[in-house]
file entry22.cif (mmCIF, C-alpha atoms (C1' of nucleotides))
data_input
#
loop_
_atom_site.label_atom_id
_atom_site.label_comp_id
_atom_site.auth_asym_id
_atom_site.auth_seq_id
_atom_site.Cartn_x
_atom_site.Cartn_y
_atom_site.Cartn_z
CA MET A 2 -23.89 -16.35 40.98
CA ALA A 3 -27.32 -17.77 40.27
CA THR A 4 -27.39 -21.34 39.12
CA GLN A 5 -28.38 -21.47 35.51
CA PRO A 6 -31.44 -23.54 34.71
CA PRO A 7 -30.73 -26.62 32.62
CA THR A 8 -32.01 -24.96 29.48
CA ALA A 9 -29.47 -23.89 26.92
CA ASP A 10 -26.57 -25.51 28.67
CA THR A 11 -24.19 -25.13 25.81
CA ASN A 12 -21.79 -23.08 27.78
CA GLU A 13 -22.41 -24.69 31.09
CA ASP A 14 -20.07 -27.60 30.59
CA THR A 15 -17.20 -25.47 29.54
CA GLU A 16 -18.02 -23.15 32.35
CA ILE A 17 -17.84 -26.01 34.79
CA GLU A 18 -14.64 -27.30 33.32
CA GLN A 19 -13.29 -23.83 33.49
CA ARG A 20 -14.23 -23.70 37.09
CA ASN A 21 -12.63 -27.05 37.79
CA ALA A 22 -9.47 -25.89 36.14
CA ASP A 23 -9.63 -22.94 38.45
CA LEU A 24 -10.22 -24.94 41.56
CA CYS A 25 -7.86 -27.72 40.79
CA ASN A 26 -4.95 -25.56 41.77
CA VAL A 27 -6.47 -24.85 45.10
CA VAL A 28 -7.44 -28.42 45.79
CA GLY A 29 -4.07 -29.63 44.60
CA SER A 30 -2.35 -27.16 46.85
CA ILE A 31 -4.46 -28.23 49.76
CA GLU A 32 -3.65 -31.86 49.11
CA GLU A 33 0.04 -31.01 49.17
CA ILE A 34 0.24 -28.86 52.25
CA GLY A 35 -3.19 -28.93 53.80
CA SER A 36 -2.21 -30.45 57.10
CA LYS A 37 -1.84 -28.58 60.31
CA TRP A 38 1.78 -29.35 61.05
CA LYS A 39 3.02 -28.71 57.56
CA LEU A 40 1.41 -25.33 57.52
CA ILE A 41 2.64 -24.42 60.96
CA ILE A 42 6.19 -25.48 60.25
CA ILE A 43 6.40 -23.76 56.91
CA ASN A 44 4.98 -20.65 58.45
CA ASP A 45 7.53 -20.86 61.21
CA LEU A 46 10.36 -21.00 58.74
CA ARG A 47 9.33 -17.77 57.11
CA ASP A 48 11.54 -15.98 59.62
CA GLY A 49 14.49 -17.71 58.05
CA GLU A 50 16.73 -20.60 58.90
CA LYS A 51 16.06 -22.49 62.09
CA ARG A 52 17.52 -25.51 63.75
CA PHE A 53 15.70 -28.60 64.80
CA ASN A 54 15.20 -27.90 68.47
CA GLU A 55 14.43 -24.30 67.75
CA LEU A 56 11.57 -25.42 65.55
CA LYS A 57 10.57 -27.91 68.15
CA ARG A 58 10.19 -25.19 70.72
CA SER A 59 8.51 -22.63 68.52
CA THR A 60 6.04 -24.98 66.91
CA GLY A 61 5.34 -27.17 69.89
CA ALA A 62 5.69 -30.32 67.83
CA SER A 63 7.23 -33.42 69.35
CA SER A 64 10.57 -34.45 67.94
CA TYR A 65 8.95 -37.45 66.44
CA THR A 66 6.35 -35.44 64.59
CA LEU A 67 8.74 -32.68 63.70
CA SER A 68 11.21 -35.12 62.27
CA ARG A 69 8.61 -36.82 60.16
CA VAL A 70 7.03 -33.66 58.84
CA LEU A 71 10.36 -32.04 58.05
CA ASP A 72 11.38 -35.14 56.20
CA ASP A 73 8.18 -35.01 54.25
CA LEU A 74 8.51 -31.34 53.47
CA GLU A 75 12.05 -31.88 52.31
CA LYS A 76 11.00 -34.62 49.93
CA GLN A 77 8.23 -32.40 48.65
CA GLY A 78 10.74 -29.66 48.01
CA PHE A 79 9.39 -27.10 50.45
CA VAL A 80 12.28 -27.21 52.85
CA GLU A 81 16.03 -27.46 52.64
CA ASN A 82 18.38 -28.91 55.17
CA ARG A 83 21.91 -27.76 55.87
CA LYS A 84 24.10 -29.65 58.28
CA GLU A 85 27.18 -28.69 60.22
CA PHE A 86 29.02 -31.71 61.46
CA GLU A 87 31.43 -29.98 63.80
CA SER A 88 31.25 -30.17 67.55
CA PRO A 89 27.67 -30.94 68.50
CA VAL A 90 25.98 -31.56 65.21
CA ALA A 91 23.82 -28.71 64.02
CA SER A 92 21.23 -28.88 61.28
CA TYR A 93 19.44 -25.92 59.88
CA TYR A 94 16.19 -25.87 58.02
CA SER A 95 15.03 -23.23 55.62
CA LEU A 96 12.44 -22.73 52.93
CA THR A 97 13.18 -23.39 49.30
CA ASN A 98 11.82 -21.09 46.64
CA LYS A 99 8.83 -23.33 46.37
CA GLY A 100 8.24 -23.05 50.09
CA GLY A 101 8.93 -19.35 50.23
CA ALA A 102 6.46 -18.81 47.42
CA LEU A 103 3.77 -19.69 49.92
CA CYS A 104 4.33 -16.48 51.83
CA PRO A 105 1.37 -14.71 50.21
CA VAL A 106 -0.82 -17.49 51.49
CA PHE A 107 0.34 -16.96 55.04
CA ASP A 108 0.11 -13.23 54.67
CA ALA A 109 -3.48 -13.66 53.64
CA LEU A 110 -4.07 -15.97 56.57
CA ASP A 111 -2.44 -13.50 58.91
CA ASP A 112 -4.60 -10.78 57.53
CA TRP A 113 -7.72 -12.81 57.91
CA GLY A 114 -6.81 -13.76 61.44
CA GLY A 115 -6.30 -10.14 62.33
CA ASN A 116 -9.84 -9.34 61.30
CA TRP A 117 -11.77 -12.39 62.34
CA LEU A 118 -9.96 -14.08 65.15
CA GLU A 119 -10.77 -13.69 68.83
CA MET B 6 -1.62 -28.15 77.29
CA ALA B 7 0.54 -25.80 79.34
CA THR B 8 3.43 -28.03 80.08
CA GLN B 9 5.12 -26.77 83.15
CA PRO B 10 8.84 -27.02 82.82
CA PRO B 11 10.21 -28.53 85.99
CA THR B 12 13.23 -26.27 85.98
CA ALA B 13 12.84 -22.56 86.47
CA ASP B 14 12.36 -20.90 83.13
CA THR B 15 14.68 -18.30 81.70
CA ASN B 16 13.68 -15.19 79.84
CA GLU B 17 13.10 -17.51 76.97
CA ASP B 18 9.42 -17.13 77.59
CA THR B 19 9.24 -13.50 76.63
CA GLU B 20 11.02 -14.33 73.44
CA ILE B 21 8.51 -16.99 72.70
CA GLU B 22 5.62 -14.72 73.56
CA GLN B 23 7.01 -12.12 71.26
CA ARG B 24 7.15 -14.63 68.50
CA ASN B 25 3.67 -15.84 69.29
CA ALA B 26 2.36 -12.32 68.99
CA ASP B 27 3.75 -12.26 65.49
CA LEU B 28 2.63 -15.66 64.41
CA CYS B 29 -0.48 -16.08 66.46
CA ASN B 30 -2.78 -14.89 63.72
CA VAL B 31 -1.44 -17.41 61.31
CA VAL B 32 -1.27 -20.23 63.78
CA GLY B 33 -4.68 -19.34 65.14
CA SER B 34 -6.10 -19.34 61.66
CA ILE B 35 -4.52 -22.66 60.94
CA GLU B 36 -5.93 -24.12 64.12
CA GLU B 37 -9.38 -22.96 63.06
CA ILE B 38 -9.49 -24.09 59.47
CA GLY B 39 -6.29 -25.98 58.88
CA SER B 40 -7.82 -29.28 58.00
CA LYS B 41 -8.11 -30.65 54.54
CA TRP B 42 -11.88 -31.00 54.37
CA LYS B 43 -12.65 -27.65 55.87
CA LEU B 44 -10.43 -25.94 53.37
CA ILE B 45 -11.78 -27.89 50.44
CA ILE B 46 -15.39 -27.27 51.39
CA ILE B 47 -14.96 -23.59 52.04
CA ASN B 48 -13.14 -23.25 48.78
CA ASP B 49 -15.91 -25.06 47.04
CA LEU B 50 -18.47 -22.65 48.40
CA ARG B 51 -16.69 -19.66 46.94
CA ASP B 52 -18.78 -20.09 43.80
CA GLY B 53 -21.85 -19.39 45.85
CA GLU B 54 -24.65 -21.34 47.40
CA LYS B 55 -24.64 -25.08 46.98
CA ARG B 56 -26.79 -27.88 48.23
CA PHE B 57 -25.70 -30.86 50.20
CA ASN B 58 -25.44 -33.43 47.46
CA GLU B 59 -23.92 -30.90 45.13
CA LEU B 60 -21.14 -30.37 47.62
CA LYS B 61 -20.87 -34.08 48.10
CA ARG B 62 -20.22 -34.58 44.43
CA SER B 63 -17.91 -31.68 43.90
CA THR B 64 -15.80 -32.25 46.96
CA GLY B 65 -15.81 -36.02 46.96
CA ALA B 66 -16.55 -36.17 50.66
CA SER B 67 -18.77 -38.89 52.05
CA SER B 68 -22.10 -37.72 53.41
CA TYR B 69 -20.94 -38.59 56.86
CA THR B 70 -17.84 -36.46 56.61
CA LEU B 71 -19.56 -33.68 54.74
CA SER B 72 -22.31 -33.52 57.30
CA ARG B 73 -19.87 -33.35 60.17
CA VAL B 74 -17.61 -30.76 58.62
CA LEU B 75 -20.48 -28.56 57.51
CA ASP B 76 -21.90 -28.72 60.99
CA ASP B 77 -18.56 -27.71 62.38
CA LEU B 78 -18.13 -24.90 59.91
CA GLU B 79 -21.57 -23.63 60.71
CA LYS B 80 -20.84 -23.56 64.42
CA GLN B 81 -17.61 -21.77 63.71
CA GLY B 82 -19.47 -19.19 61.68
CA PHE B 83 -17.90 -19.87 58.32
CA VAL B 84 -20.97 -21.28 56.67
CA GLU B 85 -24.67 -20.55 56.66
CA ASN B 86 -27.48 -22.93 56.05
CA ARG B 87 -30.78 -22.14 54.36
CA LYS B 88 -33.49 -24.74 54.20
CA GLU B 89 -36.48 -25.12 51.96
CA PHE B 90 -38.97 -27.51 53.44
CA GLU B 91 -41.21 -27.93 50.44
CA SER B 92 -41.44 -31.10 48.37
CA PRO B 93 -38.16 -32.93 48.74
CA VAL B 94 -36.31 -30.96 51.36
CA ALA B 95 -33.57 -28.78 50.01
CA SER B 96 -30.82 -27.21 52.03
CA TYR B 97 -28.39 -24.71 50.73
CA TYR B 98 -25.03 -23.83 52.14
CA SER B 99 -23.16 -20.62 51.61
CA LEU B 100 -20.29 -18.69 53.09
CA THR B 101 -20.80 -16.07 55.74
CA ASN B 102 -18.79 -12.90 55.67
CA LYS B 103 -16.26 -14.57 57.89
CA GLY B 104 -15.98 -17.44 55.45
CA GLY B 105 -15.96 -15.25 52.40
CA ALA B 106 -13.17 -13.20 53.90
CA LEU B 107 -10.95 -16.20 53.34
CA CYS B 108 -11.06 -15.71 49.60
CA PRO B 109 -7.69 -13.98 49.48
CA VAL B 110 -6.19 -17.04 51.09
CA PHE B 111 -7.57 -19.28 48.40
CA ASP B 112 -6.60 -16.86 45.70
CA ALA B 113 -3.07 -16.98 47.02
CA LEU B 114 -3.21 -20.77 47.10
CA ASP B 115 -4.54 -20.84 43.58
CA ASP B 116 -1.78 -18.56 42.48
CA TRP B 117 0.84 -20.66 44.15
CA GLY B 118 -0.57 -23.83 42.64
CA GLY B 119 -0.47 -22.28 39.22
CA ASN B 120 3.24 -21.70 39.54
CA TRP B 121 4.43 -24.69 41.48
CA LEU B 122 2.04 -27.54 40.91
CA GLU B 123 2.34 -30.29 38.32
"C1'" DC C 24 -32.99 -35.19 49.10
"C1'" DG C 25 -30.41 -34.51 53.32
"C1'" DG C 26 -28.21 -36.43 56.93
"C1'" DC C 27 -27.70 -39.34 61.34
"C1'" DA C 28 -26.28 -43.89 63.47
"C1'" DT C 29 -22.99 -47.69 63.33
"C1'" DC C 30 -19.17 -50.32 62.42
"C1'" DC C 31 -14.45 -50.49 61.29
"C1'" DT C 32 -9.88 -49.22 59.60
"C1'" DT C 33 -6.05 -46.18 59.35
"C1'" DG C 34 -2.65 -43.03 60.54
"C1'" DG C 35 -1.63 -38.84 63.03
"C1'" DA C 36 0.51 -37.72 66.89
"C1'" DG C 37 1.85 -37.60 72.12
"C1'" DA C 38 5.00 -39.74 75.64
"C1'" DT C 39 9.06 -41.85 76.57
"C1'" DA C 40 13.48 -43.75 76.01
"C1'" DC C 41 17.73 -44.49 73.48
"C1'" DT C 42 21.84 -43.42 70.29
"C1'" DG C 43 25.68 -40.87 67.48
"C1'" DC D 14 21.99 -31.45 69.55
"C1'" DA D 15 19.43 -34.06 66.26
"C1'" DG D 16 17.14 -37.32 65.55
"C1'" DT D 17 15.18 -42.73 65.68
"C1'" DA D 18 12.50 -46.42 67.84
"C1'" DT D 19 8.37 -48.11 70.14
"C1'" DC D 20 4.06 -48.24 72.16
"C1'" DT D 21 -0.18 -46.50 72.51
"C1'" DC D 22 -4.31 -43.89 71.93
"C1'" DC D 23 -7.79 -41.37 69.64
"C1'" DA D 24 -10.02 -38.87 65.99
"C1'" DA D 25 -10.69 -38.68 61.04
"C1'" DG D 26 -12.94 -40.64 57.78
"C1'" DG D 27 -14.79 -44.47 54.36
"C1'" DA D 28 -18.81 -47.81 53.81
"C1'" DT D 29 -23.27 -48.97 54.59
"C1'" DG D 30 -27.92 -48.66 56.13
"C1'" DC D 31 -31.97 -46.28 57.56
"C1'" DC D 32 -35.25 -42.69 57.98
"C1'" DG D 33 -38.17 -38.22 57.58
#
call {"tool": "encode", "arguments": {"input": "entry22.cif", "output": "structure tokens"}}
result
Amino acid sequence: MATQPPTADTNEDTEIEQRNADLCNVVGSIEEIGSKWKLIIINDLRDGEKRFNELKRSTGASSYTLSRVLDDLEKQGFVENRKEFESPVASYYSLTNKGGALCPVFDALDDWGGNWLE
Amino acid sequence: MATQPPTADTNEDTEIEQRNADLCNVVGSIEEIGSKWKLIIINDLRDGEKRFNELKRSTGASSYTLSRVLDDLEKQGFVENRKEFESPVASYYSLTNKGGALCPVFDALDDWGGNWLE
DNA sequence: CGGCATCCTTGGAGATACTG
DNA sequence: CAGTATCTCCAAGGATGCCG
């Protein structure tokens, strides 16, 4: 992709706008979930429903952080919470469709890691 | 960070290790590039070579941040730097193979954004 | 143009302790 | 078990200035 010289820039603007339209999705996505804990937690929930302390153990997040991030993810619509009020309270977290739709992203990450990590 | 549990551990560890084996690639990847600016900058370089101030404009990062993150990315092997010392110095940044191999991740993000953003 | 050096503010996040 | 409440600390990152 050679940078076009400033001559005959008729198409350049639209090209750039086109590109921005392209990249906006990525940047927007990054703004939404581009933080370490969000990514790790969402990824961890790909296995299916998990409870609070289970997540705490598997992600290594403190309960404070976990609580906050889960709350955030729930508000953003990535995660669902289901509570059972019997005996010792149990609350289960799982991905919504929106959250589950991120699987290809993690698959790609997994793939990349397999080739380039270590 | 290896927190030693005071009480003798159960066979829970093997379970966790098993899980880590599965998720390690993803988590490892996230640990390496799971920060907003790194992702945004790498994504921005997918178009090809860009110079410092070009990146500064297109990413919106301050020169301080941009400089730091680029430096980091270079050390991590995601980004390459090419300098031209003539006239006003020019330095161009581009993705290495390792960095370019992340394209599928961004494609997946782009795809996701297209469906779930806005 | 590229990019450090500084100062300063914010919040991300660990540790710990406490409740329903 | 599933959180909430503090307290605290440190790194991320904006603003600004300077310099080759």
call {"tool": "closest_atom_pairs", "arguments": {"input": "entry22.cif", "of": "chain C", "to": "chain A", "cutoff": "12 Å", "atoms": "all atoms listed in the file", "output": "JSON lines"}}
result
{"residue": "C:DG35", "atom": "C1'", "partner": "A:Thr66", "partner_atom": "CA", "distance": 8.8}
{"residue": "C:DA36", "atom": "C1'", "partner": "A:Thr66", "partner_atom": "CA", "distance": 6.7}
{"residue": "C:DG37", "atom": "C1'", "partner": "A:Ser63", "partner_atom": "CA", "distance": 7.4}
{"residue": "C:DA38", "atom": "C1'", "partner": "A:Ser63", "partner_atom": "CA", "distance": 9.2}
{"residue": "C:DT39", "atom": "C1'", "partner": "A:Tyr65", "partner_atom": "CA", "distance": 11.0}
{"residue": "C:DG43", "atom": "C1'", "partner": "A:Val90", "partner_atom": "CA", "distance": 9.6}
call {"tool": "calpha_fit_and_write", "arguments": {"input": "entry22.cif", "fixed": "chain B", "moving": "chain A", "output": "short mmCIF file (atom, residue, chain, number, x, y, z; two decimals) with C-alpha atoms, in the frame of the given file"}}
result
data_model
loop_
_atom_site.label_atom_id
_atom_site.label_comp_id
_atom_site.auth_asym_id
_atom_site.auth_seq_id
_atom_site.Cartn_x
_atom_site.Cartn_y
_atom_site.Cartn_z
CA MET A 2 16.19 -18.34 66.29
CA ALA A 3 18.80 -19.87 68.54
CA THR A 4 17.52 -21.35 71.74
CA GLN A 5 18.61 -19.24 74.63
CA PRO A 6 20.64 -21.00 77.29
CA PRO A 7 18.90 -21.26 80.65
CA THR A 8 20.94 -18.43 82.09
CA ALA A 9 19.22 -15.13 82.60
CA ASP A 10 15.80 -16.42 81.74
CA THR A 11 13.97 -13.40 82.96
CA ASN A 12 12.46 -12.69 79.64
CA GLU A 13 12.17 -16.23 78.49
CA ASP A 14 8.90 -16.96 80.22
CA THR A 15 7.19 -13.93 78.88
CA GLU A 16 8.68 -14.69 75.54
CA ILE A 17 7.21 -18.15 75.65
CA GLU A 18 3.87 -16.89 76.79
CA GLN A 19 4.01 -14.36 74.06
CA ARG A 20 4.68 -17.11 71.63
CA ASN A 21 1.83 -19.20 72.97
CA ALA A 22 -0.48 -16.27 72.63
CA ASP A 23 0.69 -16.07 69.07
CA LEU A 24 0.22 -19.70 68.32
CA CYS A 25 -3.00 -20.15 70.15
CA ASN A 26 -4.86 -18.51 67.34
CA VAL A 27 -3.41 -20.89 64.86
CA VAL A 28 -4.00 -23.96 66.96
CA GLY A 29 -7.48 -22.79 67.81
CA SER A 30 -8.22 -22.23 64.16
CA ILE A 31 -6.91 -25.63 63.30
CA GLU A 32 -9.06 -27.22 65.97
CA GLU A 33 -12.10 -25.51 64.49
CA ILE A 34 -11.63 -26.23 60.83
CA GLY A 35 -8.63 -28.49 60.59
CA SER A 36 -10.35 -31.44 59.01
CA LYS A 37 -10.16 -32.37 55.40
CA TRP A 38 -13.82 -32.19 54.53
CA LYS A 39 -14.47 -28.93 56.30
CA LEU A 40 -11.64 -27.29 54.47
CA ILE A 41 -12.64 -28.71 51.13
CA ILE A 42 -16.26 -27.72 51.50
CA ILE A 43 -15.54 -24.23 52.68
CA ASN A 44 -13.10 -23.80 49.87
CA ASP A 45 -15.70 -25.02 47.44
CA LEU A 46 -18.18 -22.45 48.62
CA ARG A 47 -15.84 -19.60 47.89
CA ASP A 48 -17.31 -19.49 44.39
CA GLY A 49 -20.60 -18.52 45.96
CA GLU A 50 -23.86 -20.22 46.73
CA LYS A 51 -24.21 -23.87 45.87
CA ARG A 52 -26.86 -26.47 46.34
CA PHE A 53 -26.50 -29.76 48.07
CA ASN A 54 -26.01 -32.05 45.11
CA GLU A 55 -23.82 -29.51 43.43
CA LEU A 56 -21.51 -29.62 46.41
CA LYS A 57 -21.76 -33.35 46.44
CA ARG A 58 -20.50 -33.55 42.91
CA SER A 59 -17.80 -30.93 43.18
CA THR A 60 -16.37 -32.11 46.46
CA GLY A 61 -16.80 -35.82 45.95
CA ALA A 62 -18.24 -36.26 49.42
CA SER A 63 -20.99 -38.79 50.02
CA SER A 64 -24.36 -37.36 50.92
CA TYR A 65 -23.98 -38.74 54.35
CA THR A 66 -20.67 -37.03 54.96
CA LEU A 67 -21.70 -33.87 53.20
CA SER A 68 -24.83 -33.61 55.25
CA ARG A 69 -22.99 -34.06 58.49
CA VAL A 70 -20.20 -31.65 57.71
CA LEU A 71 -22.54 -28.98 56.41
CA ASP A 72 -24.59 -29.32 59.54
CA ASP A 73 -21.48 -28.92 61.60
CA LEU A 74 -20.26 -25.94 59.65
CA GLU A 75 -23.64 -24.31 59.99
CA LYS A 76 -23.61 -24.73 63.75
CA GLN A 77 -20.11 -23.33 63.84
CA GLY A 78 -21.27 -20.32 61.89
CA PHE A 79 -19.17 -20.85 58.78
CA VAL A 80 -22.02 -21.65 56.46
CA GLU A 81 -25.53 -20.42 55.89
CA ASN A 82 -28.43 -22.34 54.49
CA ARG A 83 -31.25 -20.94 52.40
CA LYS A 84 -34.17 -23.11 51.42
CA GLU A 85 -36.73 -22.84 48.67
CA PHE A 86 -39.70 -25.02 49.35
CA GLU A 87 -41.37 -24.77 45.97
CA SER A 88 -41.53 -27.57 43.47
CA PRO A 89 -38.63 -29.90 44.15
CA VAL A 90 -37.11 -28.55 47.30
CA ALA A 91 -33.92 -26.62 46.78
CA SER A 92 -31.44 -25.66 49.45
CA TYR A 93 -28.52 -23.39 48.91
CA TYR A 94 -25.41 -23.13 50.97
CA SER A 95 -23.13 -20.15 51.21
CA LEU A 96 -20.38 -18.80 53.41
CA THR A 97 -21.08 -16.44 56.25
CA ASN A 98 -18.74 -13.57 56.94
CA LYS A 99 -16.88 -15.78 59.33
CA GLY A 100 -16.48 -18.40 56.63
CA GLY A 101 -15.64 -15.92 53.92
CA ALA A 102 -12.98 -14.43 56.15
CA LEU A 103 -11.04 -17.62 55.59
CA CYS A 104 -10.40 -16.73 51.97
CA PRO A 105 -6.88 -15.45 52.66
CA VAL A 106 -6.07 -18.83 54.10
CA PHE A 107 -7.16 -20.59 50.95
CA ASP A 108 -5.43 -18.04 48.80
CA ALA A 109 -2.25 -18.77 50.67
CA LEU A 110 -2.83 -22.48 50.25
CA ASP A 111 -3.49 -22.02 46.57
CA ASP A 112 -0.34 -20.03 46.26
CA TRP A 113 1.68 -22.61 48.07
CA GLY A 114 0.23 -25.39 45.97
CA GLY A 115 1.15 -23.54 42.82
CA ASN A 116 4.77 -23.48 43.87
CA TRP A 117 5.25 -26.78 45.60
CA LEU A 118 2.73 -29.22 44.29
CA GLU A 119 3.38 -31.81 41.60
#
call {"tool": "interface_residues", "arguments": {"input": "entry22.cif", "of": "chain B", "to": "chain A", "cutoff": "7 Å", "atoms": "all atoms listed in the file", "output": "ChimeraX atom specification"}}
result
/B:30-32,34-35,39-41,45,52-53,103,106-107,109-111,113-115,117-119,121
call {"tool": "closest_atom_pairs", "arguments": {"input": "entry22.cif", "of": "chain D", "to": "chain A", "cutoff": "9 Å", "atoms": "only C-alpha atoms (C1' of nucleotides)", "output": "CSV"}}
result
residue,atom,partner,partner_atom,distance
D:DC14,C1',A:Pro89,CA,5.8
D:DA15,C1',A:Phe53,CA,6.8
D:DG16,C1',A:Ser68,CA,7.1
D:DT17,C1',A:Tyr65,CA,8.2
call {"tool": "atom_distance", "arguments": {"input": "entry22.cif", "atom1": "CA of Ile43 in chain A", "atom2": "CA of Phe86 in chain A"}}
result
24.4 Å
call {"tool": "resolve_selection", "arguments": {"input": "entry22.cif", "expression": "the PyMOL selection byres ((chain B and resi 54) around 6)", "output": "ChimeraX atom specification"}}
result
/B:53,55,98-99
call {"tool": "atom_distance", "arguments": {"input": "entry22.cif", "atom1": "CA of Arg47 in chain A", "atom2": "CA of Gly101 in chain A"}}
result
7.1 Å
call {"tool": "residues_around", "arguments": {"input": "entry22.cif", "residues": "DG34 in chain C", "least_positions_apart": "4", "cutoff": "12 Å", "atoms": "only C-alpha atoms (C1' of nucleotides)", "output": "list in words"}}
result
DC22, DC23, DA24, DA25 and DG26 of chain D
call {"tool": "write_last_selection", "arguments": {"input": "entry22.cif", "atoms": "C-alpha atoms (C1' of nucleotides)", "output": "short mmCIF file (atom, residue, chain, number, x, y, z; two decimals), in the coordinates of the input"}}
result
data_model
loop_
_atom_site.label_atom_id
_atom_site.label_comp_id
_atom_site.auth_asym_id
_atom_site.auth_seq_id
_atom_site.Cartn_x
_atom_site.Cartn_y
_atom_site.Cartn_z
"C1'" DC D 22 -4.31 -43.89 71.93
"C1'" DC D 23 -7.79 -41.37 69.64
"C1'" DA D 24 -10.02 -38.87 65.99
"C1'" DA D 25 -10.69 -38.68 61.04
"C1'" DG D 26 -12.94 -40.64 57.78
#
call {"tool": "atom_distance", "arguments": {"input": "entry22.cif", "atom1": "C1' of DC31 in chain D", "atom2": "CA of Asn86 in chain B"}}
result
23.8 Å
call {"tool": "resolve_selection", "arguments": {"input": "entry22.cif", "expression": "the PyMOL selection byres ((chain C and resi 40) around 9)", "output": "list in words"}}
result
DT39 and DC41 of chain C; DA18 and DT19 of chain D
call {"tool": "build_atoms", "arguments": {"input": "entry22.cif", "residues": "range 83-95 of chain B", "atoms": "N, CA and C atoms", "output": "PDB file, in the coordinates of the input"}}
result
ATOM      1  N   PHE B  83     -18.446 -20.019  59.668  1.00  0.00           N
ATOM      2  CA  PHE B  83     -17.900 -19.870  58.320  1.00  0.00           C
ATOM      3  C   PHE B  83     -18.973 -20.074  57.267  1.00  0.00           C
ATOM      4  N   VAL B  84     -19.986 -20.826  57.647  1.00  0.00           N
ATOM      5  CA  VAL B  84     -20.970 -21.280  56.670  1.00  0.00           C
ATOM      6  C   VAL B  84     -22.377 -21.045  57.209  1.00  0.00           C
ATOM      7  N   GLU B  85     -23.270 -20.735  56.304  1.00  0.00           N
ATOM      8  CA  GLU B  85     -24.670 -20.550  56.660  1.00  0.00           C
ATOM      9  C   GLU B  85     -25.527 -21.606  55.981  1.00  0.00           C
ATOM     10  N   ASN B  86     -26.593 -21.946  56.619  1.00  0.00           N
ATOM     11  CA  ASN B  86     -27.480 -22.930  56.050  1.00  0.00           C
ATOM     12  C   ASN B  86     -28.875 -22.346  55.858  1.00  0.00           C
ATOM     13  N   ARG B  87     -29.434 -22.602  54.680  1.00  0.00           N
ATOM     14  CA  ARG B  87     -30.780 -22.140  54.360  1.00  0.00           C
ATOM     15  C   ARG B  87     -31.576 -23.342  53.913  1.00  0.00           C
ATOM     16  N   LYS B  88     -32.719 -23.547  54.529  1.00  0.00           N
ATOM     17  CA  LYS B  88     -33.490 -24.740  54.200  1.00  0.00           C
ATOM     18  C   LYS B  88     -34.806 -24.388  53.527  1.00  0.00           C
ATOM     19  N   GLU B  89     -35.164 -25.219  52.567  1.00  0.00           N
ATOM     20  CA  GLU B  89     -36.480 -25.120  51.960  1.00  0.00           C
ATOM     21  C   GLU B  89     -37.206 -26.427  52.252  1.00  0.00           C
ATOM     22  N   PHE B  90     -38.329 -26.302  52.947  1.00  0.00           N
ATOM     23  CA  PHE B  90     -38.970 -27.510  53.440  1.00  0.00           C
ATOM     24  C   PHE B  90     -40.017 -28.077  52.498  1.00  0.00           C
ATOM     25  N   GLU B  91     -40.202 -27.442  51.373  1.00  0.00           N
ATOM     26  CA  GLU B  91     -41.210 -27.930  50.440  1.00  0.00           C
ATOM     27  C   GLU B  91     -40.730 -29.213  49.755  1.00  0.00           C
ATOM     28  N   SER B  92     -41.716 -29.872  49.147  1.00  0.00           N
ATOM     29  CA  SER B  92     -41.440 -31.100  48.370  1.00  0.00           C
ATOM     30  C   SER B  92     -40.256 -31.867  48.966  1.00  0.00           C
ATOM     31  N   PRO B  93     -39.362 -32.353  48.125  1.00  0.00           N
ATOM     32  CA  PRO B  93     -38.160 -32.930  48.740  1.00  0.00           C
ATOM     33  C   PRO B  93     -37.371 -31.796  49.380  1.00  0.00           C
ATOM     34  N   VAL B  94     -37.043 -31.985  50.626  1.00  0.00           N
ATOM     35  CA  VAL B  94     -36.310 -30.960  51.360  1.00  0.00           C
ATOM     36  C   VAL B  94     -35.057 -30.553  50.599  1.00  0.00           C
ATOM     37  N   ALA B  95     -34.800 -29.267  50.638  1.00  0.00           N
ATOM     38  CA  ALA B  95     -33.570 -28.780  50.010  1.00  0.00           C
ATOM     39  C   ALA B  95     -32.845 -27.903  51.009  1.00  0.00           C
TER      40      ALA B  95
END
